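Peer 1: Below you'll find start_3.txt; it's compact mmCIF, C-alpha atoms.
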# COMPACT_ATOMS: atom_id res chain seq x y z
CA MET A 1 92.54 8.78 5.76
CA GLU A 2 91.36 11.34 8.32
CA ILE A 3 89.27 14.31 7.25
CA LYS A 4 91.88 16.79 8.50
CA GLU A 5 94.61 15.03 6.52
CA ILE A 6 92.60 15.29 3.31
CA LEU A 7 91.81 18.95 3.99
CA ARG A 8 95.52 19.56 4.63
CA GLN A 9 96.31 18.13 1.17
CA PHE A 10 94.05 20.81 -0.28
CA GLY A 11 95.86 23.60 1.52
CA MET A 12 93.85 23.83 4.74
CA GLU A 13 96.39 23.66 7.58
CA ASP A 14 95.54 22.16 10.98
CA LYS A 15 94.15 25.15 12.91
CA LYS A 16 92.13 26.32 9.93
CA ALA A 17 90.75 22.80 9.40
CA GLU A 18 89.80 22.55 13.09
CA VAL A 19 87.87 25.81 12.99
CA TYR A 20 86.17 24.85 9.71
CA LEU A 21 85.15 21.42 11.01
CA ALA A 22 83.91 22.91 14.29
CA THR A 23 81.74 25.35 12.34
CA LEU A 24 80.29 22.48 10.31
CA GLU A 25 79.57 20.55 13.48
CA MET A 26 78.09 23.38 15.56
CA GLY A 27 76.27 25.39 12.89
CA GLY A 28 75.70 29.07 13.67
CA VAL A 29 78.24 29.75 16.38
CA THR A 30 80.01 32.68 18.03
CA ALA A 31 83.74 33.23 17.93
CA TYR A 32 83.82 32.68 21.69
CA SER A 33 82.20 29.24 21.33
CA LEU A 34 84.47 28.35 18.45
CA ALA A 35 87.55 29.33 20.43
CA LYS A 36 86.38 27.23 23.36
CA LYS A 37 85.63 24.26 21.10
CA VAL A 38 89.00 24.20 19.30
CA GLY A 39 91.15 25.48 22.17
CA LEU A 40 92.44 28.59 20.41
CA LYS A 41 92.49 32.23 21.41
CA ARG A 42 89.69 34.40 20.03
CA PRO A 43 92.00 36.68 17.97
CA THR A 44 93.39 33.57 16.26
CA VAL A 45 89.88 32.25 15.61
CA TYR A 46 88.82 35.63 14.16
CA ASP A 47 91.79 35.58 11.77
CA ILE A 48 90.92 32.07 10.60
CA VAL A 49 87.22 32.85 10.31
CA ASN A 50 88.01 35.85 8.12
CA GLN A 51 90.08 33.62 5.83
CA LEU A 52 87.27 31.08 5.60
CA MET A 53 84.74 33.81 4.82
CA LYS A 54 86.95 35.15 1.99
CA GLU A 55 87.04 31.62 0.59
CA GLY A 56 83.25 31.33 0.78
CA LEU A 57 83.36 28.41 3.19
CA ILE A 58 81.50 30.17 6.01
CA TYR A 59 79.36 33.28 6.29
CA LYS A 60 78.53 35.77 9.04
CA SER A 61 75.18 36.83 10.42
CA ILE A 62 74.30 39.22 13.24
CA LYS A 63 71.56 38.67 15.80
CA GLY A 64 71.18 41.59 18.14
CA ASN A 65 74.75 42.70 18.68
CA VAL A 66 76.21 39.19 18.45
CA LYS A 67 78.08 37.83 15.42
CA TYR A 68 77.41 34.24 14.41
CA PHE A 69 79.39 32.20 11.92
CA SER A 70 77.68 29.50 9.87
CA PRO A 71 79.11 27.00 7.37
CA ALA A 72 78.33 27.07 3.68
CA ASP A 73 77.36 23.75 2.07
CA PRO A 74 80.59 21.64 1.90
CA GLU A 75 79.81 20.98 -1.78
CA ILE A 76 81.46 24.34 -2.37
CA LEU A 77 84.81 22.58 -1.87
CA ILE A 78 84.18 20.51 -4.99
CA LYS A 79 83.11 23.63 -6.87
CA LYS A 80 86.34 25.37 -5.88
CA ILE A 81 88.41 22.40 -7.06
CA LYS A 82 86.59 22.42 -10.40
CA GLU A 83 87.22 26.14 -10.76
CA LYS A 84 90.93 25.56 -10.16
CA GLU A 85 90.90 22.76 -12.73
CA GLU A 86 89.23 25.05 -15.28
CA ARG A 87 91.86 27.73 -14.66
CA ILE A 88 94.66 25.19 -15.12
CA ASN A 89 93.01 23.89 -18.31
CA SER A 90 92.80 27.45 -19.66
CA ILE A 91 96.58 27.82 -19.49
CA MET A 92 97.39 24.22 -20.48
CA PRO A 93 98.05 25.07 -24.17
CA SER A 94 100.65 27.61 -23.08
CA LEU A 95 102.20 25.15 -20.64
CA GLN A 96 102.30 22.46 -23.33
CA ASN A 97 103.96 24.87 -25.77
CA LEU A 98 106.67 25.54 -23.20
CA TYR A 99 106.98 21.83 -22.45
CA ASN A 100 107.25 20.92 -26.15
CA SER A 101 109.51 23.81 -27.11
CA PRO A 102 112.94 22.91 -28.52
CA LYS A 103 115.51 22.30 -25.81
CA GLU A 104 119.25 22.46 -26.14
CA LYS A 105 119.80 19.43 -23.89
CA PRO A 106 117.81 16.19 -24.22
CA LEU A 107 115.18 15.70 -21.55
CA ILE A 108 115.23 12.19 -20.11
CA ARG A 109 112.42 10.77 -17.99
CA TYR A 110 112.57 7.40 -16.23
CA PHE A 111 109.69 5.05 -15.41
CA GLU A 112 109.71 2.00 -13.13
CA GLY A 113 107.49 -1.06 -12.86
CA LYS A 114 104.32 -1.96 -14.74
CA GLU A 115 102.50 1.21 -13.75
CA GLY A 116 105.50 3.28 -14.83
CA ILE A 117 105.57 1.55 -18.23
CA LYS A 118 101.86 2.26 -18.67
CA GLU A 119 102.43 5.92 -17.84
CA MET A 120 105.25 6.03 -20.37
CA TRP A 121 103.13 4.62 -23.21
CA GLU A 122 100.33 7.06 -22.36
CA ASP A 123 102.69 9.85 -23.42
CA SER A 124 102.40 8.78 -27.06
CA LEU A 125 98.61 9.12 -26.99
CA LYS A 126 98.92 12.55 -25.37
CA SER A 127 101.60 13.74 -27.80
CA LEU A 128 100.17 12.53 -31.09
CA LYS A 129 97.17 13.61 -33.13
CA LYS A 130 95.13 12.14 -35.97
CA GLY A 131 97.30 10.99 -38.85
CA ASP A 132 100.54 10.88 -36.84
CA GLU A 133 102.71 7.77 -36.84
CA ILE A 134 104.68 5.73 -34.35
CA LEU A 135 107.83 3.94 -35.55
CA ALA A 136 108.64 0.87 -33.49
CA TYR A 137 111.23 -1.82 -32.92
CA VAL A 138 109.59 -4.62 -30.95
CA GLY A 139 111.31 -7.62 -29.41
CA GLU A 140 109.41 -8.22 -26.17
CA ASP A 141 106.33 -6.01 -26.22
CA THR A 142 103.30 -5.07 -24.16
CA LEU A 143 101.31 -7.85 -25.84
CA LYS A 144 103.19 -10.37 -23.72
CA ASN A 145 103.76 -8.31 -20.59
CA LEU A 146 100.70 -6.06 -20.24
CA GLN A 147 97.98 -7.82 -22.22
CA LYS A 148 94.90 -5.97 -20.91
CA TYR A 149 96.60 -2.60 -21.03
CA SER A 150 97.95 -3.31 -24.52
CA ASP A 151 94.47 -4.13 -25.85
CA ASN A 152 93.04 -0.93 -24.35
CA TYR A 153 95.96 1.15 -25.61
CA ILE A 154 95.52 -0.14 -29.17
CA LYS A 155 91.79 0.69 -29.14
CA ARG A 156 92.53 4.25 -28.05
CA ARG A 157 95.36 4.62 -30.57
CA VAL A 158 93.06 3.48 -33.36
CA SER A 159 90.28 5.80 -32.18
CA LYS A 160 92.72 8.70 -32.59
CA SER A 161 93.75 7.42 -36.06
CA ILE A 162 97.39 7.11 -35.01
CA ARG A 163 99.19 4.63 -37.24
CA LEU A 164 102.07 2.35 -36.27
CA ARG A 165 104.85 1.04 -38.47
CA GLY A 166 107.09 -1.51 -36.81
CA ILE A 167 109.77 -4.16 -37.11
CA TYR A 168 108.89 -7.11 -34.87
CA LYS A 169 110.76 -10.18 -33.68
CA ASP A 170 109.01 -13.34 -34.85
CA SER A 171 106.99 -15.55 -32.51
CA PRO A 172 103.70 -17.52 -32.77
CA ALA A 173 101.97 -14.94 -30.58
CA ILE A 174 103.17 -12.08 -32.77
CA ARG A 175 101.98 -13.88 -35.93
CA LYS A 176 98.50 -14.24 -34.47
CA TYR A 177 98.57 -10.65 -33.24
CA MET A 178 99.35 -9.42 -36.75
CA GLU A 179 96.13 -10.88 -38.16
CA ASN A 180 94.44 -7.63 -37.10
CA ASN A 181 97.02 -5.28 -38.65
CA ALA A 182 94.60 -3.54 -41.01
CA GLN A 183 91.94 -2.88 -38.38
CA GLN A 184 94.55 -1.73 -35.89
CA LEU A 185 96.27 0.67 -38.29
CA ARG A 186 99.51 -1.26 -38.12
CA GLU A 187 102.06 -2.05 -40.83
CA VAL A 188 104.66 -4.61 -39.79
CA ILE A 189 107.76 -6.42 -40.96
CA ILE A 190 108.57 -9.60 -39.01
CA LEU A 191 112.16 -10.83 -38.70
CA ASN A 192 113.52 -14.00 -37.14
CA GLU A 193 115.46 -13.83 -33.89
CA LYS A 194 118.79 -14.43 -35.63
CA ASP A 195 118.42 -11.31 -37.76
CA PHE A 196 116.66 -9.29 -35.07
CA PRO A 197 117.96 -10.24 -31.59
CA ILE A 198 116.05 -7.50 -29.80
CA SER A 199 114.72 -7.98 -26.26
CA ASN A 200 113.09 -4.62 -25.60
CA GLU A 201 110.69 -2.23 -27.30
CA THR A 202 111.45 1.18 -28.77
CA ASN A 203 108.88 3.66 -30.06
CA ILE A 204 109.83 6.80 -31.97
CA TYR A 205 107.29 9.61 -32.32
CA LYS A 206 107.33 13.38 -32.55
CA ASN A 207 110.61 14.44 -30.93
CA LYS A 208 110.68 11.49 -28.51
CA ILE A 209 112.17 8.03 -28.21
CA ALA A 210 110.46 5.73 -25.69
CA ILE A 211 112.33 2.59 -24.64
CA ALA A 212 110.84 -0.17 -22.50
CA SER A 213 112.61 -3.14 -20.92
CA TYR A 214 110.43 -6.03 -19.74
CA GLY A 215 113.03 -7.97 -17.78
CA THR A 216 112.84 -8.94 -14.11
CA GLU A 217 112.84 -5.26 -13.22
CA MET A 218 110.56 -3.53 -15.69
CA PHE A 219 111.59 0.01 -16.51
CA GLY A 220 111.48 2.53 -19.32
CA MET A 221 112.67 5.93 -20.38
CA ILE A 222 111.63 8.71 -22.74
CA ILE A 223 114.38 10.71 -24.40
CA GLU A 224 113.04 14.00 -25.67
CA SER A 225 115.25 15.62 -28.29
CA ALA A 226 114.33 16.83 -31.77
CA GLU A 227 117.85 16.11 -33.05
CA ILE A 228 118.06 12.58 -31.62
CA ALA A 229 114.51 11.75 -32.75
CA ARG A 230 115.30 12.96 -36.27
CA SER A 231 118.37 10.71 -36.40
CA GLN A 232 116.47 7.73 -35.04
CA LYS A 233 113.72 8.19 -37.61
CA ALA A 234 116.30 8.21 -40.40
CA ILE A 235 117.90 5.04 -39.01
CA PHE A 236 114.48 3.40 -38.77
CA GLU A 237 113.74 4.16 -42.42
CA LEU A 238 117.03 2.50 -43.43
CA ALA A 239 116.19 -0.51 -41.25
CA TRP A 240 112.67 -0.64 -42.67
CA ARG A 241 113.93 -0.73 -46.25
CA GLY A 242 116.60 -3.31 -45.38
CA ALA A 243 114.15 -5.49 -43.47
CA GLY A 244 111.68 -5.28 -46.35
CA ASN A 245 114.31 -6.48 -48.81
CA SER A 246 115.31 -9.36 -46.52
CA GLU A 247 111.72 -10.61 -46.57
CA ASN A 248 111.74 -10.90 -50.37
Mind turning this structure into structure tokens?
Peer 2:
Amino acid sequence: MEIKEILRQFGMEDKKAEVYLATLEMGGVTAYSLAKKVGLKRPTVYDIVNQLMKEGLIYKSIKGNVKYFSPADPEILIKKIKEKEERINSIMPSLQNLYNSPKEKPLIRYFEGKEGIKEMWEDSLKSLKKGDEILAYVGEDTLKNLQKYSDNYIKRRVSKSIRLRGIYKDSPAIRKYMENNAQQLREVIILNEKDFPISNETNIYKNKIAIASYGTEMFGMIIESAEIARSQKAIFELAWRGAGNSEN
């Protein structure tokens, strides 16, 4: 990717980027020389130079009666990005409160492909804190479809002390997987395919229901609704008790 294209992505439009790059290349330079270098009129160059000075990207010096413009160290661009990140982080709690505030209509987000599914599951780690719990129905899960990601996800879930309680469809792989239930903060009931003909995965947490399908076209969705999540949690508890009795 060209330098000007990257600068444009950070808000430095073409003419401004050309003047900035010319200053970097030429060092201390007059407005006349800059204008000649980039092919712009001097008034335009002066306007751009003033913008760049306000942003701390170049500075002015005077020798005799002539003004020269010199570039600041380009590292300042990284510093400015970090400053913006710090400002965003300072208001993130307020943004999250707005994002997580009760909404009259359910919010539905869709995710496509393996990377989309990964992004969807990351939401649970972002939304939950120590001691919280995920309720899950698992037919075809990430263990089979996203093995490396699943292993990493579980480690991070455990590190945050987030527990999982789930009803799983039986398979040899699932049986082996469940050998680590205690270490992985997981409590599970396993049902045979006849009693539990589920082919996707559903996680319920906070005020969200995340559903993943691992068919030919992998996709998922998160439904965000306090009312729907409350109902789904109640249904899960009924299913959990019923599944527990069927095991006995």
Peer 1: Just to confirm, what's the straight-line distance from atom CA of A:Ile81 to atom CA of A:Asn97 in Å (one decimal)?
Peer 2: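 Separating atom CA of A:Ile81 from atom CA of A:Asn97 is a distance of 24.5 Å.
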Peer 1: So, counting only C-alpha atoms, which residue among A:Lys114, A:Lys194, A:Lys233, A:Arg186 is closest to A:Tyr214?
Peer 2: A:Lys114
Peer 1: One number please: atom CA of A:Asn181 to atom CA of A:Ser231, in Å, one decimal.
Peer 2: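 These two atoms are separated by 26.8 Å.
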Peer 1: Give me, please, the distance in Å between atom CA of A:Gln183 and atom CA of A:Val158, quoted to one decimal.
Peer 2: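 Distance between the two atoms: 8.2 Å.
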Peer 1: Which residue is closest to A:Gly166? Choose from A:Ile134, A:Leu128, A:Leu98, A:Ile6 and count only C-alpha atoms.
Peer 2: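 Of A:Ile134, A:Leu128, A:Leu98, A:Ile6, the one nearest A:Gly166, counting only C-alpha atoms, is A:Ile134.
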Peer 1: Would you please work out which residue, of A:Gln147, A:Asn65, A:Ser199, A:Asn89, is nearest to A:Lys169 when using all atoms listed in the file?
Peer 2: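 Of the candidates, the smallest distance to A:Lys169 is held by A:Ser199.
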Peer 1: Between A:Glu187, A:Asp170, A:Asp123, A:Glu133, which one has atoms that come closest to A:Ile222, using only C-alpha atoms?
Peer 2: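 Checking each of A:Glu187, A:Asp170, A:Asp123, A:Glu133 against A:Ile222, counting only C-alpha atoms, the winner is A:Asp123.
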Peer 1: For A:Ser127, list every protein, DNA or RNA residue within 12 Å, evaluated using all atoms listed in the file, and leave out those in the same chain fewer than 5 positions away; present the list as a VMD selection string.
Peer 2: chain A and resid 96 to 97 99 to 100 120 to 122 132 to 134 157 160 162 204 to 208 224
Peer 1: Would you pick out the contacts of stretch 10-21 of chain A at 10 Å or less, using all atoms listed in the file, so that residues sharing its chain but fewer than 4 positions from it are not included, and give the list as a list in words?
Peer 2: Ile3, Lys4, Glu5, Ile6, Glu25, Met26, Gly27, Ala31, Leu34, Ala35, Lys37, Val38, Gly39, Leu40, Thr44, Val45, Tyr46, Asp47, Ile48, Val49, Gln51, Leu52, Leu57, Ile58, Ser70, Pro71, Leu77 and Ile81 of chain A
Peer 1: Pick out the closest residue to A:Ala243 from this set: A:Glu227, A:Asp195, A:Glu2, A:Glu201. Count all atoms listed in the file.
Peer 2: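 Nearest candidate to A:Ala243 out of A:Glu227, A:Asp195, A:Glu2, A:Glu201: A:Asp195.
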